[in-house]
>>> print(open('query_30.txt').read())   # compact mmCIF, C-alpha atoms
# COMPACT_ATOMS: atom_id res chain seq x y z
CA MET A 1 0.00 0.00 0.00
CA SER A 2 1.31 3.48 -0.89
CA PRO A 3 2.12 5.79 2.06
CA GLU A 4 -0.68 8.23 1.04
CA LEU A 5 -3.30 5.47 0.91
CA ASP A 6 -1.97 4.04 4.17
CA SER A 7 -2.37 7.47 5.79
CA VAL A 8 -5.95 7.84 4.49
CA ALA A 9 -6.85 4.33 5.73
CA THR A 10 -5.37 5.11 9.16
CA ALA A 11 -7.34 8.38 9.31
CA PHE A 12 -10.52 6.49 8.34
CA VAL A 13 -10.05 3.75 10.95
CA GLY A 14 -8.92 6.16 13.68
CA SER A 15 -11.77 8.62 13.27
CA ALA A 16 -14.37 5.82 13.09
CA ALA A 17 -13.03 4.43 16.40
CA LEU A 18 -12.82 7.84 18.06
CA THR A 19 -16.35 8.82 16.93
CA SER A 20 -17.63 5.55 18.41
CA MET A 21 -15.88 6.37 21.68
CA PHE A 22 -17.56 9.80 21.63
CA VAL A 23 -20.91 8.08 21.02
CA VAL A 24 -20.43 5.87 24.10
CA LEU A 25 -19.38 8.90 26.21
CA ALA A 26 -22.32 10.97 24.90
CA MET A 27 -24.68 8.17 25.91
CA ILE A 28 -23.18 8.19 29.41
CA GLY A 29 -23.57 11.99 29.61
CA THR A 30 -27.18 11.96 28.45
CA LEU A 31 -28.35 8.75 30.15
CA ASN A 32 -31.97 9.04 31.27
CA HIS A 33 -34.94 6.95 32.29
CA TYR A 34 -36.16 6.46 28.70
CA HIS A 35 -32.78 5.44 27.21
CA ARG A 36 -32.24 1.96 25.86
CA PRO A 37 -28.47 2.20 25.43
CA ILE A 38 -27.37 -1.46 25.34
CA ILE A 39 -27.59 -2.06 21.56
CA PRO A 40 -26.10 1.34 20.51
CA VAL A 41 -23.25 0.97 23.03
CA LEU A 42 -22.54 -2.58 21.83
CA GLY A 43 -22.54 -1.32 18.21
CA ALA A 44 -20.13 1.51 19.06
CA LEU A 45 -17.83 -0.84 21.00
CA MET A 46 -17.87 -3.25 18.04
CA VAL A 47 -16.75 -0.44 15.69
CA MET A 48 -14.00 0.59 18.14
CA LEU A 49 -12.67 -2.94 18.54
CA SER A 50 -12.90 -3.71 14.80
CA CYS A 51 -10.93 -0.56 13.98
CA THR A 52 -8.30 -1.40 16.61
CA TYR A 53 -8.03 -4.93 15.23
CA LEU A 54 -7.67 -3.60 11.65
CA LEU A 55 -4.90 -1.20 12.66
CA ALA A 56 -3.09 -3.93 14.62
CA TRP A 57 -3.41 -6.29 11.64
CA ALA A 58 -2.07 -3.64 9.23
CA ASP A 59 0.88 -2.84 11.53
CA GLY A 60 1.51 -6.49 12.37
CA THR A 61 1.19 -5.89 16.12
CA ALA A 62 -0.87 -7.45 18.90
CA VAL A 63 -4.31 -6.15 19.84
CA ASP A 64 -3.63 -4.55 23.23
CA THR A 65 -4.16 -1.26 25.07
CA LEU A 66 -1.23 0.35 23.21
CA THR A 67 -2.90 -0.38 19.85
CA LEU A 68 -6.20 0.97 21.21
CA ARG A 69 -4.42 4.18 22.31
CA MET A 70 -2.67 4.40 18.92
CA THR A 71 -6.03 4.02 17.12
CA MET A 72 -7.66 6.74 19.25
CA SER A 73 -4.65 9.02 18.77
CA GLU A 74 -4.81 8.55 14.99
CA GLY A 75 -8.48 9.50 15.27
CA VAL A 76 -7.60 12.73 17.10
CA PHE A 77 -4.97 13.62 14.46
CA ALA A 78 -7.39 12.86 11.62
CA MET A 79 -10.22 14.93 13.16
CA LEU A 80 -7.85 17.84 13.77
CA LYS A 81 -6.97 17.72 10.05
CA LEU A 82 -10.68 17.90 9.24
CA LEU A 83 -11.25 21.04 11.37
CA PRO A 84 -9.80 23.63 8.89
CA PHE A 85 -12.21 22.35 6.21
CA VAL A 86 -15.14 22.62 8.63
CA PHE A 87 -13.97 26.15 9.50
CA LEU A 88 -13.77 27.01 5.77
CA ILE A 89 -17.35 25.81 5.13
CA LEU A 90 -18.67 27.63 8.22
CA THR A 91 -16.88 30.84 7.18
CA ALA A 92 -18.51 30.67 3.73
CA LEU A 93 -21.97 29.99 5.22
CA LEU A 94 -21.68 32.82 7.75
CA LEU A 95 -20.40 35.22 5.07
CA GLU A 96 -23.58 34.50 3.11
CA ALA A 97 -25.69 34.92 6.28
CA SER A 98 -24.00 38.23 7.16
CA LEU A 99 -24.49 39.75 3.71
CA ARG A 100 -28.10 38.71 3.10
CA LYS A 101 -31.03 40.97 3.80
CA ARG A 102 -33.38 39.82 6.55
CA PRO A 103 -36.58 38.46 4.93
CA GLU A 104 -39.77 40.42 5.57
CA ASP A 105 -41.83 38.84 8.33
CA PRO A 106 -45.57 39.06 7.45
CA LEU A 107 -46.58 38.64 11.12
CA LEU A 108 -44.34 41.50 12.31
CA ALA A 109 -45.59 43.69 9.44
CA LEU A 110 -49.19 42.92 10.48
CA LEU A 111 -48.36 43.82 14.09
CA GLU A 112 -46.74 47.10 13.05
CA SER A 113 -49.70 48.04 10.82
CA GLU A 114 -52.17 47.25 13.63
CA SER A 115 -50.25 49.33 16.19
CA GLY A 116 -50.07 52.21 13.64
CA SER A 117 -53.85 52.20 13.06
CA GLU A 118 -54.61 52.54 16.83
CA MET B 119 -0.68 2.18 30.58
CA SER B 120 1.08 4.94 32.53
CA LEU B 121 -0.74 7.27 34.91
CA TRP B 122 -0.13 10.29 32.63
CA ALA B 123 -1.51 8.49 29.57
CA THR B 124 -4.60 7.54 31.60
CA GLN B 125 -4.95 11.17 32.70
CA VAL B 126 -5.07 12.38 29.06
CA TRP B 127 -7.81 9.91 28.03
CA LEU B 128 -9.74 10.41 31.27
CA GLY B 129 -9.65 14.20 30.74
CA LEU B 130 -10.85 13.85 27.14
CA SER B 131 -13.65 11.50 28.26
CA ILE B 132 -14.80 13.88 31.03
CA ALA B 133 -14.76 16.79 28.56
CA VAL B 134 -16.93 14.88 26.05
CA ILE B 135 -19.34 13.80 28.82
CA GLY B 136 -19.56 17.47 29.94
CA ILE B 137 -20.33 18.67 26.42
CA SER B 138 -23.04 15.96 26.12
CA MET B 139 -24.54 17.01 29.46
CA HIS B 140 -24.63 20.61 28.25
CA ARG B 141 -26.29 19.55 24.98
CA THR B 142 -29.21 17.91 26.84
CA GLY B 143 -30.73 21.41 26.98
CA PRO B 144 -31.91 23.80 29.73
CA ALA B 145 -34.93 21.64 30.66
CA PHE B 146 -32.68 18.95 32.14
CA ARG B 147 -31.35 19.16 35.70
CA ARG B 148 -27.85 18.12 34.61
CA HIS B 149 -27.58 20.90 31.97
CA PRO B 150 -25.99 23.52 34.33
CA PHE B 151 -23.22 21.05 35.23
CA GLY B 152 -22.24 20.54 31.56
CA THR B 153 -19.83 23.47 31.16
CA PRO B 154 -18.00 22.97 34.51
CA VAL B 155 -17.61 19.24 33.82
CA ALA B 156 -16.25 19.95 30.31
CA LEU B 157 -13.77 22.51 31.72
CA LEU B 158 -12.76 20.02 34.42
CA GLY B 159 -12.07 17.47 31.69
CA LEU B 160 -9.88 19.93 29.78
CA ALA B 161 -8.01 20.78 33.01
CA VAL B 162 -7.45 17.07 33.77
CA MET B 163 -6.18 16.60 30.20
CA LEU B 164 -3.83 19.59 30.14
CA ILE B 165 -2.65 20.17 33.73
CA ARG B 166 -0.17 17.48 34.78
CA VAL B 167 3.10 17.02 36.60
CA GLU B 168 4.93 14.90 34.03
CA GLU B 169 4.96 14.68 30.24
CA PRO B 170 2.69 11.81 29.08
CA PRO B 171 4.25 9.03 26.97
CA SER B 172 3.85 8.61 23.22
CA PRO B 173 1.28 8.78 21.53
CA GLU B 174 -0.57 10.87 24.17
CA SER B 175 2.13 13.58 24.22
CA GLU B 176 1.65 14.10 20.44
CA VAL B 177 -2.15 14.18 20.94
CA VAL B 178 -1.92 16.93 23.59
CA SER B 179 0.64 18.86 21.54
CA ALA B 180 -1.53 18.70 18.36
CA ALA B 181 -4.65 19.73 20.34
CA VAL B 182 -2.86 22.72 21.91
CA ASP B 183 -1.47 23.81 18.49
CA THR B 184 -4.98 23.61 17.01
CA ALA B 185 -6.47 25.55 19.95
CA PHE B 186 -4.38 28.62 19.02
CA TRP B 187 -6.47 29.15 15.87
CA ALA B 188 -9.59 27.15 16.78
CA ILE B 189 -10.49 29.18 19.91
CA PRO B 190 -10.56 32.60 18.13
CA ALA B 191 -12.34 30.88 15.23
CA LEU B 192 -15.01 29.41 17.53
CA LEU B 193 -15.56 32.70 19.38
CA GLY B 194 -15.73 34.56 16.06
CA LEU B 195 -18.23 32.11 14.58
CA SER B 196 -20.54 32.41 17.61
CA LEU B 197 -20.32 36.23 17.57
CA VAL B 198 -21.11 36.38 13.84
CA LEU B 199 -24.00 33.96 14.40
CA SER B 200 -25.45 36.24 17.09
CA GLY B 201 -24.88 39.40 15.02
CA ALA B 202 -26.02 38.21 11.57
CA PRO B 203 -29.59 38.97 10.45
CA LEU B 204 -30.82 35.40 10.86
CA TYR B 205 -33.69 35.67 13.37
CA TRP B 206 -33.55 39.36 14.24
CA ARG B 207 -32.09 42.58 12.88
CA SER B 208 -28.36 42.78 12.17
CA ARG B 209 -26.18 43.81 15.14
CA PRO B 210 -23.03 45.47 13.76
CA LEU B 211 -20.82 45.30 16.86
CA PRO B 212 -20.88 41.50 17.44
CA LEU B 213 -20.79 41.02 13.67
CA LEU B 214 -17.60 43.08 13.20
CA ALA B 215 -15.93 41.65 16.33
CA GLY B 216 -16.81 38.16 15.10
CA TRP B 217 -15.33 38.71 11.64
CA ALA B 218 -12.18 40.19 13.20
CA LEU B 219 -11.78 37.03 15.31
CA ILE B 220 -12.45 34.79 12.29
CA ALA B 221 -9.77 36.69 10.33
CA ALA B 222 -7.39 36.30 13.31
CA GLY B 223 -8.17 32.57 13.36
CA TRP B 224 -7.34 32.19 9.65
CA LEU B 225 -4.15 34.26 10.01
CA GLN B 226 -3.03 32.14 12.95
CA TYR B 227 -3.84 28.96 11.04
CA TYR B 228 -1.80 29.99 7.98
CA SER B 229 1.11 31.25 10.08
CA THR B 230 1.44 27.92 11.94
CA SER B 231 0.26 25.32 9.39
CA SER B 232 1.02 24.50 5.79
CA PRO B 233 -1.99 22.59 4.41
CA SER B 234 -1.21 19.98 1.74
CA VAL B 235 -3.07 17.61 -0.57
CA ALA B 236 -2.15 14.74 1.80
CA ASP B 237 -3.93 16.59 4.64
CA ALA B 238 -7.04 16.99 2.47
CA LEU B 239 -6.99 13.26 1.65
CA ASP B 240 -6.62 12.41 5.35
CA ALA B 241 -9.52 14.76 6.15
CA GLY B 242 -11.63 12.94 3.53
CA GLY B 243 -10.74 9.58 5.09
CA SER B 244 -11.61 10.98 8.51
CA LEU B 245 -14.99 12.25 7.29
CA ILE B 246 -15.87 8.82 5.85
CA GLY B 247 -14.83 7.19 9.14
CA ILE B 248 -17.05 9.55 11.14
CA LEU B 249 -19.99 8.91 8.79
CA LEU B 250 -19.50 5.14 9.05
CA SER B 251 -19.52 5.29 12.83
CA ILE B 252 -22.63 7.50 12.92
CA THR B 253 -24.39 5.19 10.43
CA VAL B 254 -23.71 2.17 12.67
CA PHE B 255 -25.03 4.15 15.66
CA VAL B 256 -28.22 5.19 13.81
CA LEU B 257 -28.86 1.59 12.71
CA CYS B 258 -28.35 0.39 16.31
CA VAL B 259 -30.76 3.03 17.67
CA ARG B 260 -33.34 2.03 15.04
CA THR B 261 -32.96 -1.63 16.00
CA ALA B 262 -33.32 -0.78 19.72
CA GLU B 263 -36.44 1.30 19.04
CA ARG B 264 -38.01 -1.43 16.92
CA MET B 265 -37.46 -3.92 19.74
CA THR B 266 -39.16 -1.62 22.28
CA PRO B 267 -42.80 -2.68 22.91
CA GLN B 268 -45.38 0.02 22.16
CA GLU B 269 -46.91 1.84 25.13
CA PRO B 270 -50.73 1.60 25.47
CA GLU B 271 -52.74 4.60 24.27
CA THR B 272 -52.94 7.40 26.86
CA GLU B 273 -56.36 7.92 28.45
CA GLY B 274 -58.14 11.24 27.96
CA LEU B 275 -58.03 14.03 30.57
CA ASP B 276 -60.47 13.82 33.49
CA GLU B 277 -62.54 16.85 34.60
CA LYS B 278 -59.95 18.11 37.13
CA GLU B 279 -57.06 17.90 34.59
CA ARG B 280 -59.22 19.59 31.94
CA LYS B 281 -59.93 22.51 34.27
CA TYR B 282 -56.23 22.82 35.12
CA VAL B 283 -55.16 22.86 31.42
CA ALA B 284 -57.86 25.42 30.62
CA SER B 285 -56.63 27.60 33.50
CA VAL B 286 -53.01 27.41 32.28
CA LEU B 287 -54.07 28.31 28.73
CA ARG B 288 -56.16 31.26 29.99
CA ARG B 289 -53.24 32.57 32.02
CA HIS B 290 -50.87 32.28 29.05
CA LEU B 291 -53.36 34.00 26.75
CA GLU B 292 -53.72 36.75 29.37
CA VAL B 293 -57.45 36.16 29.77
CA ASP B 294 -59.17 36.56 33.15
CA ASP B 295 -59.19 33.15 34.94
CA GLU B 296 -62.83 33.49 35.97
CA PRO B 297 -65.24 32.67 33.10
>>> encode(input="query_30.txt", output="structure tokens")
Amino acid sequence: MSPELDSVATAFVGSAALTSMFVVLAMIGTLNHYHRPIIPVLGALMVMLSCTYLLAWADGTAVDTLTLRMTMSEGVFAMLKLLPFVFLILTALLLEASLRKRPEDPLLALLESESGSE
Amino acid sequence: MSLWATQVWLGLSIAVIGISMHRTGPAFRRHPFGTPVALLGLAVMLIRVEEPPSPESEVVSAAVDTAFWAIPALLGLSLVLSGAPLYWRSRPLPLLAGWALIAAGWLQYYSTSSPSVADALDAGGSLIGILLSITVFVLCVRTAERMTPQEPETEGLDEKERKYVASVLRRHLEVDDEP
């Protein structure tokens, strides 16, 4: 595998594992009486472990806590590389929002005309 | 795993749990604790006595480097969002301050980073990974909801409840409570 493709595959596996860890943590943070978290947590753990196994298999190492930490770290690096692109898209969207004229609100116009007639 | 490596992952986990608690919304009792818990997580992650081992040291270093442009960017984006004419009239002061912070964020980013095609490819791989993980989560939630037995139909309001609801509606519509 070429180094570029290897890097993309590592970013893919790492961010999938890290997102799954965030899903598990988000479910802990939002746990409530109506939650049924067992199946989603099992799904997220399965993604995390599969990604760790894939990375260990690609590197030829054992599946242990070091590989899990490496996978999560690769996820952090990959997501940090994604942030500038997210920032670029948000900048473009907010530029459009800042320049546009506020649409006329028929309800507010009705209110203003009623208060003017009194 | 060393104590300092554990501290980094524990801090990140607490921060994510805090953000999730905050995102539950103001109606939930745990909502006010969200921001302090997230800040506690960041403190646990960043404040330490010894340097964590590899790969955690690189994780912390990359996160701190990103924070230098991401924090002004985040503040700027929220200021522009509050100043732009989205739901109310345009507010020039937050709008201008927001754009100044966004410009500072971009300047900081370009002065510290040199984006390449390889970075864009990695970002693409990362996006697909995130989408895959979210898809698995959505499918799991759908499965869990399908397995949940349906609740019986709720009974109608009795006379006392009907009077109470009517009273609340009257008060909210600013009508005299006495008919």
>>> closest_atom_pairs(input="query_30.txt", of="chain A", to="chain B", cutoff="7 Å", atoms="only C-alpha atoms", output="Markdown table")
| residue | atom | partner | partner_atom | distance |
| --- | --- | --- | --- | --- |
| A:Glu4 | CA | B:Ala236 | CA | 6.7 |
| A:Ser7 | CA | B:Asp240 | CA | 6.5 |
| A:Val8 | CA | B:Asp240 | CA | 4.7 |
| A:Ala9 | CA | B:Gly243 | CA | 6.6 |
| A:Ala11 | CA | B:Ser244 | CA | 5.1 |
| A:Phe12 | CA | B:Gly247 | CA | 4.4 |
| A:Val13 | CA | B:Gly247 | CA | 6.2 |
| A:Ser15 | CA | B:Ser244 | CA | 5.3 |
| A:Ala16 | CA | B:Gly247 | CA | 4.2 |
| A:Thr19 | CA | B:Ile248 | CA | 5.9 |
| A:Ser20 | CA | B:Ser251 | CA | 5.9 |
| A:Phe22 | CA | B:Val134 | CA | 6.8 |
| A:Leu25 | CA | B:Ile135 | CA | 5.6 |
| A:Ala26 | CA | B:Ser138 | CA | 5.2 |
| A:Ile28 | CA | B:Ile135 | CA | 6.8 |
| A:Gly29 | CA | B:Ile135 | CA | 4.7 |
| A:Thr30 | CA | B:Met139 | CA | 5.8 |
| A:Arg36 | CA | B:Ala262 | CA | 6.8 |
| A:Ile39 | CA | B:Cys258 | CA | 5.8 |
| A:Pro40 | CA | B:Cys258 | CA | 4.9 |
| A:Gly43 | CA | B:Cys258 | CA | 6.3 |
| A:Ala44 | CA | B:Phe255 | CA | 6.5 |
| A:Val47 | CA | B:Ser251 | CA | 7.0 |
| A:Met70 | CA | B:Pro173 | CA | 6.4 |
| A:Ser73 | CA | B:Val177 | CA | 6.1 |
| A:Val76 | CA | B:Val177 | CA | 6.8 |
| A:Ala78 | CA | B:Ser244 | CA | 5.6 |
| A:Met79 | CA | B:Ser244 | CA | 6.3 |
| A:Lys81 | CA | B:Ala241 | CA | 5.5 |
| A:Leu82 | CA | B:Ala241 | CA | 4.6 |
| A:Ala97 | CA | B:Ala202 | CA | 6.2 |
| A:Ser98 | CA | B:Ala202 | CA | 4.9 |
| A:Arg102 | CA | B:Pro203 | CA | 5.5 |
>>> write_last_selection(input="query_30.txt", atoms="C-alpha atoms", output="short mmCIF file (atom, residue, chain, number, x, y, z; two decimals), in the coordinates of the input")
data_model
loop_
_atom_site.label_atom_id
_atom_site.label_comp_id
_atom_site.auth_asym_id
_atom_site.auth_seq_id
_atom_site.Cartn_x
_atom_site.Cartn_y
_atom_site.Cartn_z
CA GLU A 4 -0.68 8.23 1.04
CA SER A 7 -2.37 7.47 5.79
CA VAL A 8 -5.95 7.84 4.49
CA ALA A 9 -6.85 4.33 5.73
CA ALA A 11 -7.34 8.38 9.31
CA PHE A 12 -10.52 6.49 8.34
CA VAL A 13 -10.05 3.75 10.95
CA SER A 15 -11.77 8.62 13.27
CA ALA A 16 -14.37 5.82 13.09
CA THR A 19 -16.35 8.82 16.93
CA SER A 20 -17.63 5.55 18.41
CA PHE A 22 -17.56 9.80 21.63
CA LEU A 25 -19.38 8.90 26.21
CA ALA A 26 -22.32 10.97 24.90
CA ILE A 28 -23.18 8.19 29.41
CA GLY A 29 -23.57 11.99 29.61
CA THR A 30 -27.18 11.96 28.45
CA ARG A 36 -32.24 1.96 25.86
CA ILE A 39 -27.59 -2.06 21.56
CA PRO A 40 -26.10 1.34 20.51
CA GLY A 43 -22.54 -1.32 18.21
CA ALA A 44 -20.13 1.51 19.06
CA VAL A 47 -16.75 -0.44 15.69
CA MET A 70 -2.67 4.40 18.92
CA SER A 73 -4.65 9.02 18.77
CA VAL A 76 -7.60 12.73 17.10
CA ALA A 78 -7.39 12.86 11.62
CA MET A 79 -10.22 14.93 13.16
CA LYS A 81 -6.97 17.72 10.05
CA LEU A 82 -10.68 17.90 9.24
CA ALA A 97 -25.69 34.92 6.28
CA SER A 98 -24.00 38.23 7.16
CA ARG A 102 -33.38 39.82 6.55
#
>>> axis_aligned_box(input="query_30.txt", around="stretch 136-147 of chain B", padding_each_side="3 Å", output="JSON")
{"center_x": -27.2, "center_y": 19.9, "center_z": 30.3, "size_x": 21.4, "size_y": 13.8, "size_z": 16.7}
>>> atom_distance(input="query_30.txt", atom1="atom CA of A:Leu5", atom2="atom CA of A:Ala17")
18.3 Å
>>> atom_distance(input="query_30.txt", atom1="atom CA of A:Val24", atom2="atom CA of B:Pro171")
25.0 Å
>>> atom_distance(input="query_30.txt", atom1="atom CA of B:Ile189", atom2="atom CA of A:Phe87")
11.4 Å
>>> build_atoms(input="query_30.txt", residues="stretch 1-34 of chain A", atoms="N, CA and C atoms", output="mmCIF file, in the frame of the given file")
data_model
loop_
_atom_site.group_PDB
_atom_site.id
_atom_site.type_symbol
_atom_site.label_atom_id
_atom_site.label_comp_id
_atom_site.auth_asym_id
_atom_site.auth_seq_id
_atom_site.Cartn_x
_atom_site.Cartn_y
_atom_site.Cartn_z
ATOM 1 N N MET A 1 0.848 -1.204 0.000
ATOM 2 C CA MET A 1 0.000 0.000 0.000
ATOM 3 C C MET A 1 0.880 1.251 0.000
ATOM 4 N N SER A 2 0.519 2.234 -0.836
ATOM 5 C CA SER A 2 1.310 3.480 -0.890
ATOM 6 C C SER A 2 1.174 4.237 0.438
ATOM 7 N N PRO A 3 2.192 5.066 0.778
ATOM 8 C CA PRO A 3 2.120 5.790 2.060
ATOM 9 C C PRO A 3 0.897 6.704 2.162
ATOM 10 N N GLU A 4 0.487 7.321 1.014
ATOM 11 C CA GLU A 4 -0.680 8.230 1.040
ATOM 12 C C GLU A 4 -1.954 7.450 1.373
ATOM 13 N N LEU A 5 -2.094 6.292 0.688
ATOM 14 C CA LEU A 5 -3.300 5.470 0.910
ATOM 15 C C LEU A 5 -3.307 4.902 2.333
ATOM 16 N N ASP A 6 -2.116 4.549 2.800
ATOM 17 C CA ASP A 6 -1.970 4.040 4.170
ATOM 18 C C ASP A 6 -2.416 5.099 5.180
ATOM 19 N N SER A 7 -2.022 6.356 4.893
ATOM 20 C CA SER A 7 -2.370 7.470 5.790
ATOM 21 C C SER A 7 -3.892 7.718 5.803
ATOM 22 N N VAL A 8 -4.491 7.639 4.588
ATOM 23 C CA VAL A 8 -5.950 7.840 4.490
ATOM 24 C C VAL A 8 -6.688 6.725 5.237
ATOM 25 N N ALA A 9 -6.205 5.477 5.055
ATOM 26 C CA ALA A 9 -6.850 4.330 5.730
ATOM 27 C C ALA A 9 -6.732 4.467 7.244
ATOM 28 N N THR A 10 -5.569 4.930 7.708
ATOM 29 C CA THR A 10 -5.370 5.110 9.160
ATOM 30 C C THR A 10 -6.299 6.202 9.685
ATOM 31 N N ALA A 11 -6.433 7.288 8.898
ATOM 32 C CA ALA A 11 -7.340 8.380 9.310
ATOM 33 C C ALA A 11 -8.779 7.878 9.378
ATOM 34 N N PHE A 12 -9.168 7.049 8.390
ATOM 35 C CA PHE A 12 -10.520 6.490 8.340
ATOM 36 C C PHE A 12 -10.792 5.615 9.575
ATOM 37 N N VAL A 13 -9.885 4.691 9.831
ATOM 38 C CA VAL A 13 -10.050 3.750 10.950
ATOM 39 C C VAL A 13 -10.018 4.491 12.287
ATOM 40 N N GLY A 14 -9.063 5.411 12.422
ATOM 41 C CA GLY A 14 -8.920 6.160 13.680
ATOM 42 C C GLY A 14 -10.130 7.015 13.984
ATOM 43 N N SER A 15 -10.629 7.739 12.984
ATOM 44 C CA SER A 15 -11.770 8.620 13.270
ATOM 45 C C SER A 15 -13.056 7.829 13.493
ATOM 46 N N ALA A 16 -13.184 6.668 12.828
ATOM 47 C CA ALA A 16 -14.370 5.820 13.090
ATOM 48 C C ALA A 16 -14.338 5.340 14.543
ATOM 49 N N ALA A 17 -13.148 4.919 15.018
ATOM 50 C CA ALA A 17 -13.030 4.430 16.400
ATOM 51 C C ALA A 17 -13.270 5.561 17.399
ATOM 52 N N LEU A 18 -12.682 6.729 17.117
ATOM 53 C CA LEU A 18 -12.820 7.840 18.060
ATOM 54 C C LEU A 18 -14.278 8.343 18.113
ATOM 55 N N THR A 19 -14.946 8.398 16.944
ATOM 56 C CA THR A 19 -16.350 8.820 16.930
ATOM 57 C C THR A 19 -17.196 7.840 17.743
ATOM 58 N N SER A 20 -16.884 6.541 17.628
ATOM 59 C CA SER A 20 -17.630 5.550 18.410
ATOM 60 C C SER A 20 -17.394 5.743 19.899
ATOM 61 N N MET A 21 -16.143 6.110 20.259
ATOM 62 C CA MET A 21 -15.880 6.370 21.680
ATOM 63 C C MET A 21 -16.688 7.584 22.145
ATOM 64 N N PHE A 22 -16.769 8.611 21.290
ATOM 65 C CA PHE A 22 -17.560 9.800 21.630
ATOM 66 C C PHE A 22 -19.042 9.445 21.780
ATOM 67 N N VAL A 23 -19.512 8.520 20.934
ATOM 68 C CA VAL A 23 -20.910 8.080 21.020
ATOM 69 C C VAL A 23 -21.177 7.426 22.375
ATOM 70 N N VAL A 24 -20.272 6.547 22.798
ATOM 71 C CA VAL A 24 -20.430 5.870 24.100
ATOM 72 C C VAL A 24 -20.417 6.912 25.221
ATOM 73 N N LEU A 25 -19.479 7.875 25.157
ATOM 74 C CA LEU A 25 -19.380 8.900 26.210
ATOM 75 C C LEU A 25 -20.623 9.805 26.191
ATOM 76 N N ALA A 26 -21.118 10.130 24.991
ATOM 77 C CA ALA A 26 -22.320 10.970 24.900
ATOM 78 C C ALA A 26 -23.518 10.244 25.501
ATOM 79 N N MET A 27 -23.564 8.931 25.323
ATOM 80 C CA MET A 27 -24.680 8.170 25.910
ATOM 81 C C MET A 27 -24.575 8.144 27.426
ATOM 82 N N ILE A 28 -23.350 8.132 27.940
ATOM 83 C CA ILE A 28 -23.180 8.190 29.410
ATOM 84 C C ILE A 28 -23.632 9.563 29.913
ATOM 85 N N GLY A 29 -23.218 10.625 29.190
ATOM 86 C CA GLY A 29 -23.570 11.990 29.610
ATOM 87 C C GLY A 29 -25.044 12.313 29.538
ATOM 88 N N THR A 30 -25.765 11.625 28.647
ATOM 89 C CA THR A 30 -27.180 11.960 28.450
ATOM 90 C C THR A 30 -28.115 10.844 28.947
ATOM 91 N N LEU A 31 -27.551 9.907 29.697
ATOM 92 C CA LEU A 31 -28.350 8.750 30.150
ATOM 93 C C LEU A 31 -29.595 9.222 30.905
ATOM 94 N N ASN A 32 -30.739 8.698 30.557
ATOM 95 C CA ASN A 32 -31.970 9.040 31.270
ATOM 96 C C ASN A 32 -32.895 7.828 31.328
ATOM 97 N N HIS A 33 -34.004 8.029 31.988
ATOM 98 C CA HIS A 33 -34.940 6.950 32.290
ATOM 99 C C HIS A 33 -35.463 6.252 31.029
ATOM 100 N N TYR A 34 -35.541 7.001 29.923
ATOM 101 C CA TYR A 34 -36.160 6.460 28.700
ATOM 102 C C TYR A 34 -35.125 5.896 27.724
#
